[in-house]
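Trainee: The structure follows.
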Amino acid sequence: MPKYARFCIRCGKVEDENNVLINNLCPNCYIEIYGIARLDKPLRIIHCPRCYSIKIGDKWLRPNTQEELYSLIQAAIAESLQPATSEITFIDLTLKSVELYSPTLELEITASISNKVVVKHRLPVSVSWHKQLCPSCFKRAGKGYDAVVQLRYINYDSEIERFKNWLVEMFAEDIVEIDEHKNGYDIKVSNQFVARKIVNFIRRKWSCVKIIESYGDQRRRRDGRRYGRLYISVRILNFKPGDYIVLGGKAYIVDSVDEHSLTIIDSNGNRIRMNIKDMIKMYAPA
């Protein structure tokens, strides 16, 4: 040990290249005495129970994935968190565990102390969760709906999920609610014009679709005329080889599919090549 070696005045650990002293304290003792972070105010996370948007400052931000939701929660925490002393500079904040409505979240903080040493420290953060409808959901909550687009698909495709998220952004003021169902969604829309517009977007994106319109929930206006809610069944026929298909009351197995036609196999093993448009006319859900 050098004759005039410096050491931590709290624990006695000698200073070296791996144990730099800050104000005569080793990094561990410094953090134990001063802490690494403080909250200027109690941490409140305000989120919308319908769309899971998180309120950060005066803005509502909506996540499209679970990872984006975690990032927004992390951003909400970062907005309230301050370094415990002027000598600490945050480098990175990472949530190590996220459970909605958990009273405590664990945050890993990477920080520099006096530009001498970089430390990592795990910090439990107390959280109070508050449900509040975001402005978009608040507006939609007060609306009825005059149309339902019943979007269904044969095979799951991530493009359908992306398209649904795009619809939510494109028609934020008109889509009242989206209910998830097996192999699809019920998109409740405030007016029938927008419902048909949504269907046109679907038709442009997927050429192989079967569309059926009907009316239900018949009511009578004050002037005596009847009106009803529009239901548009939109089935994306994205078949793959091996799928079961019913055409004209008969069952087939899909052998191959291309842009304009598909080849099917009947119960006798016969292969039949069929135009996509003809298939759409004959198709009936199994």
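To be explicit about the labels: the chains of the structure tokens are called A, B, and onward in the order shown, and within each one the residues are counted from 1, while ligands get numbers from 1 in the order they are shown.
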Just the strand (DSSP E) stuff from stretch 89-169 of chain A, please, per backbone DSSP, written as JSON, numbers by chain.
Mentor: {"A": [89, 90, 91, 92, 93, 94, 95, 96, 97, 104, 105, 106, 107, 108, 109, 110, 111, 112, 113, 117, 118, 119, 120, 121, 122, 123, 124, 125, 126, 128, 129, 130, 131, 147, 148, 149, 150, 151, 152, 153]}
Trainee: Would you save the residues of that selection, restricted to C-alpha atoms, as a PDB file, in the first residue's frame?
Mentor:
```
ATOM      1  CA  THR A  89     -25.462  12.405 -14.337  1.00  0.00           C
ATOM      2  CA  PHE A  90     -27.865   9.800 -15.708  1.00  0.00           C
ATOM      3  CA  ILE A  91     -26.570   7.840 -18.696  1.00  0.00           C
ATOM      4  CA  ASP A  92     -29.358   5.288 -19.074  1.00  0.00           C
ATOM      5  CA  LEU A  93     -32.606   4.272 -17.375  1.00  0.00           C
ATOM      6  CA  THR A  94     -33.991   0.775 -17.950  1.00  0.00           C
ATOM      7  CA  LEU A  95     -37.077  -0.865 -16.467  1.00  0.00           C
ATOM      8  CA  LYS A  96     -36.114  -4.359 -15.340  1.00  0.00           C
ATOM      9  CA  SER A  97     -39.660  -5.484 -14.580  1.00  0.00           C
ATOM     10  CA  THR A 104     -43.381  -0.991  -7.248  1.00  0.00           C
ATOM     11  CA  LEU A 105     -41.319  -1.064 -10.432  1.00  0.00           C
ATOM     12  CA  GLU A 106     -37.610  -1.864 -10.533  1.00  0.00           C
ATOM     13  CA  LEU A 107     -35.434   0.572 -12.455  1.00  0.00           C
ATOM     14  CA  GLU A 108     -31.791   0.040 -13.379  1.00  0.00           C
ATOM     15  CA  ILE A 109     -29.918   3.347 -13.488  1.00  0.00           C
ATOM     16  CA  THR A 110     -26.571   3.750 -15.212  1.00  0.00           C
ATOM     17  CA  ALA A 111     -24.959   6.988 -14.037  1.00  0.00           C
ATOM     18  CA  SER A 112     -21.706   8.884 -13.945  1.00  0.00           C
ATOM     19  CA  ILE A 113     -20.512  10.357 -10.627  1.00  0.00           C
ATOM     20  CA  VAL A 117     -16.773   6.595 -12.373  1.00  0.00           C
ATOM     21  CA  VAL A 118     -19.768   4.936 -14.051  1.00  0.00           C
ATOM     22  CA  VAL A 119     -22.044   2.909 -11.792  1.00  0.00           C
ATOM     23  CA  LYS A 120     -25.126   0.734 -12.236  1.00  0.00           C
ATOM     24  CA  HIS A 121     -27.716   0.690  -9.496  1.00  0.00           C
ATOM     25  CA  ARG A 122     -31.139  -0.938  -9.201  1.00  0.00           C
ATOM     26  CA  LEU A 123     -33.775   1.274  -7.652  1.00  0.00           C
ATOM     27  CA  PRO A 124     -37.301   0.253  -6.575  1.00  0.00           C
ATOM     28  CA  VAL A 125     -39.720   2.996  -7.615  1.00  0.00           C
ATOM     29  CA  SER A 126     -43.101   3.366  -5.889  1.00  0.00           C
ATOM     30  CA  SER A 128     -49.546   4.900  -8.151  1.00  0.00           C
ATOM     31  CA  TRP A 129     -51.589   4.004 -11.223  1.00  0.00           C
ATOM     32  CA  HIS A 130     -54.493   6.181 -12.298  1.00  0.00           C
ATOM     33  CA  LYS A 131     -57.027   5.253 -14.961  1.00  0.00           C
ATOM     34  CA  ALA A 147     -72.001   0.436 -38.558  1.00  0.00           C
ATOM     35  CA  VAL A 148     -69.856  -2.598 -37.794  1.00  0.00           C
ATOM     36  CA  VAL A 149     -67.110  -3.837 -40.099  1.00  0.00           C
ATOM     37  CA  GLN A 150     -66.723  -7.532 -39.275  1.00  0.00           C
ATOM     38  CA  LEU A 151     -63.174  -8.154 -40.473  1.00  0.00           C
ATOM     39  CA  ARG A 152     -62.130 -11.811 -40.569  1.00  0.00           C
ATOM     40  CA  TYR A 153     -59.169 -13.676 -42.037  1.00  0.00           C
TER      41      TYR A 153
END
```
Trainee: As a PDB file with C-alpha atoms, in the first residue's frame, please: the residues near A:Cys134 (cut-off 8 Å, only C-alpha atoms, same-chain neighbours under 5 positions excluded).
Mentor:
```pdb
ATOM      1  CA  HIS A  47     -53.061   5.603 -18.469  1.00  0.00           C
ATOM      2  CA  CYS A  48     -56.142   5.039 -20.588  1.00  0.00           C
ATOM      3  CA  SER A  53     -52.164   5.338 -23.930  1.00  0.00           C
ATOM      4  CA  TRP A  60     -51.163  11.229 -24.575  1.00  0.00           C
TER       5      TRP A  60
END
```
Trainee: Tell me which protein, DNA and RNA residues are within 9 Å of A:Cys208, counting only C-alpha atoms, leaving out same-chain ones fewer than 6 positions away, and put them as an MDAnalysis selection string.
Mentor: chainID A and resid 235:238 259 276:277 280
Trainee: Within 8 Å of stretch 182-191 of chain A, counting only C-alpha atoms, which residues qualify if same-chain residues fewer than 2 places away don't, as a PyMOL selection string?
Mentor: chain A and resi 143-156+174-180+193-195
Trainee: Can you spit out the residues from that selection as a PDB file, in the first residue's frame, using C-alpha atoms?
Mentor:
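Ended up saving to result.pdb:
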```pdb
ATOM      1  CA  LYS A 143     -70.874   8.059 -29.201  1.00  0.00           C
ATOM      2  CA  GLY A 144     -73.128   5.354 -30.494  1.00  0.00           C
ATOM      3  CA  TYR A 145     -72.202   3.465 -33.633  1.00  0.00           C
ATOM      4  CA  ASP A 146     -74.159   3.069 -36.857  1.00  0.00           C
ATOM      5  CA  ALA A 147     -72.001   0.436 -38.558  1.00  0.00           C
ATOM      6  CA  VAL A 148     -69.856  -2.598 -37.794  1.00  0.00           C
ATOM      7  CA  VAL A 149     -67.110  -3.837 -40.099  1.00  0.00           C
ATOM      8  CA  GLN A 150     -66.723  -7.532 -39.275  1.00  0.00           C
ATOM      9  CA  LEU A 151     -63.174  -8.154 -40.473  1.00  0.00           C
ATOM     10  CA  ARG A 152     -62.130 -11.811 -40.569  1.00  0.00           C
ATOM     11  CA  TYR A 153     -59.169 -13.676 -42.037  1.00  0.00           C
ATOM     12  CA  ILE A 154     -58.368 -17.299 -42.831  1.00  0.00           C
ATOM     13  CA  ASN A 155     -54.737 -17.240 -41.693  1.00  0.00           C
ATOM     14  CA  TYR A 156     -53.092 -14.826 -39.274  1.00  0.00           C
ATOM     15  CA  ASP A 174     -64.828   7.700 -36.111  1.00  0.00           C
ATOM     16  CA  ILE A 175     -63.912   4.266 -34.724  1.00  0.00           C
ATOM     17  CA  VAL A 176     -65.869   3.877 -31.501  1.00  0.00           C
ATOM     18  CA  GLU A 177     -64.446   0.517 -30.448  1.00  0.00           C
ATOM     19  CA  ILE A 178     -62.621  -2.543 -31.794  1.00  0.00           C
ATOM     20  CA  ASP A 179     -63.582  -5.938 -30.382  1.00  0.00           C
ATOM     21  CA  GLU A 180     -61.166  -8.803 -30.956  1.00  0.00           C
ATOM     22  CA  PHE A 193     -69.927   6.354 -44.800  1.00  0.00           C
ATOM     23  CA  VAL A 194     -66.688   5.761 -42.875  1.00  0.00           C
ATOM     24  CA  ALA A 195     -67.462   2.027 -42.579  1.00  0.00           C
TER      25      ALA A 195
END
```
Trainee: Mind listing the alpha helix (DSSP H) residues of stretch 43-276 of chain A, per DSSP on the backbone, as a PyMOL selection string?
Mentor: chain A and resi 66-80+135-141+158-170+192-205+276
